[in-house]
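The block underneath contains the structure these notes are about, expressed in structure tokens.
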Amino acid sequence: LAREIIKSASDNIFRNLRYYNGRGKDLKNEMEIIKSYQLELDKAQDVNEIMGIEGNIRKIYIDAGHGGNDSGAIGYDSDGILHYEKTIALNISLQQARLFRYLGYEVRLSRNNNNSNPTLSQRTAEANAWGADLFISNHVNAGGGSGIEVWHSIHGGVGKTCASAIVEKLCLNKNNEYFNQTNFKSRGIKSRAGTNGDDYYHVIRESNMPAIIIEHGFMDNKSDLDKLRAVNGMQHK
């Protein structure tokens, strides 16, 4: 409701600016500011839909996989440019953080540059100590394949709900500006049990809140990498 009120107000402001601009006042710059504001609002609403967030989630911990000396997987796009998983994961995470904050969520990142590489234990410990309501870990797959898959707890719950929404939205034939990805193949949602019967993946098992791991395509698939490099501001290294 608050977003609808804000959007209605910005629409009224834009109409008034357009009216006076058409009558000789130079208000183009102000009009562009309002347009940009409206675009951000629309994108933020789409984020909320894509992530399938429900319940009382207010604090989101976003984990950019790898970092520092750990580049993660590497791959070449169709132009022969080398890309690193750590950089793609960071750029996606920064976009998520910006848009979730715009929506009013509290956000904390495991890293905000490529110089650091916290251990898995440090990442989950920080999220737990902060009292996060949702843990999102961003990665890019490798090993031969294509498409997006999302991992959730073997116990289901909110994490599974988010995972289902992400796969459904990001694999449609539409352009989602949130990730700047288009028409990825769906590899579905997955969970994996460890030898002790609990979750296999550390960040899902050791987080006190629902946790998901998003694998955003494949580093060794040129088609997937070409889509991933469309992420705004993505660098190769």
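By convention here, the chains of the structure tokens are called A, B, ... in the order presented, each chain's residues are numbered starting at 1, and ligands are numbered starting at 1 in the order presented.
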Picked from stretch 66-224 of chain A by DSSP as strand (DSSP E), as a PyMOL selection string | chain A and resi 74-76+82-84+106-109+134-141+148-151+175-176+181-182+186-190+211-218
Could you pull out the alpha helix (DSSP H) residues of stretch 64-191 of chain A from DSSP and send them as a ChimeraX atom specification?
-> /A:85-103,120-130,158-170
Within 8 Å of stretch 56-62 of chain A: each stretch 85-177 of chain A residue with its shortest pair, only C-alpha atoms, as a tab-separated table:
```
residue	atom	partner	partner_atom	distance
A:Ser93	CA	A:Ile62	CA	6.3
A:Gln96	CA	A:Ile62	CA	7.9
A:Ala97	CA	A:Ile62	CA	7.2
A:Tyr105	CA	A:Arg58	CA	5.2
A:Glu106	CA	A:Lys59	CA	4.6
A:Val107	CA	A:Ile60	CA	4.9
A:Arg108	CA	A:Tyr61	CA	4.9
A:Leu109	CA	A:Ile62	CA	4.9
A:Ser110	CA	A:Ile62	CA	6.3
A:Ala127	CA	A:Tyr61	CA	6.1
A:Gly131	CA	A:Lys59	CA	7.5
A:Ala132	CA	A:Lys59	CA	4.9
A:Asp133	CA	A:Lys59	CA	5.2
A:Leu134	CA	A:Ile60	CA	4.9
A:Phe135	CA	A:Tyr61	CA	4.8
A:Ile136	CA	A:Ile62	CA	4.9
A:Ser137	CA	A:Ile62	CA	6.0
A:Asn138	CA	A:Ile62	CA	7.7
```
A:Gly194, A:Pro118, A:Gly188, A:Gly156: which is nearest A:Gly68, counting only C-alpha atoms?
->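 Among A:Gly194, A:Pro118, A:Gly188, A:Gly156, it is A:Pro118 that comes nearest to A:Gly68.
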For the atom pair atom CA of A:His66 and atom CA of A:Ser116, what is the interatomic distance in Å to one decimal place?
-> 8.6 Å
What's the 6 Å shell around A:Trp151, counting only C-alpha atoms, without same-chain residues fewer than 4 positions away, as a list in words?
-> Ile189, Lys190, Ser191, Ile212 and Ile213 of chain A
Residue subset to file, keeping C-alpha atoms, as a PDB file, in the first residue's frame:
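This is the output file selection_22.pdb:
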```pdb
ATOM      1  CA  ILE A 189      14.876 -26.289  -7.187  1.00  0.00           C
ATOM      2  CA  LYS A 190      17.035 -28.744  -5.297  1.00  0.00           C
ATOM      3  CA  SER A 191      18.010 -29.897  -1.837  1.00  0.00           C
ATOM      4  CA  ILE A 212      19.042 -20.465  -0.345  1.00  0.00           C
ATOM      5  CA  ILE A 213      21.907 -20.814  -2.808  1.00  0.00           C
TER       6      ILE A 213
END
```
In Å to one decimal, how far is atom CA of A:Ser186 from atom CA of A:Asp224?
->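 Separation of atom CA of A:Asp224 and atom CA of A:Ser186: 11.9 Å.
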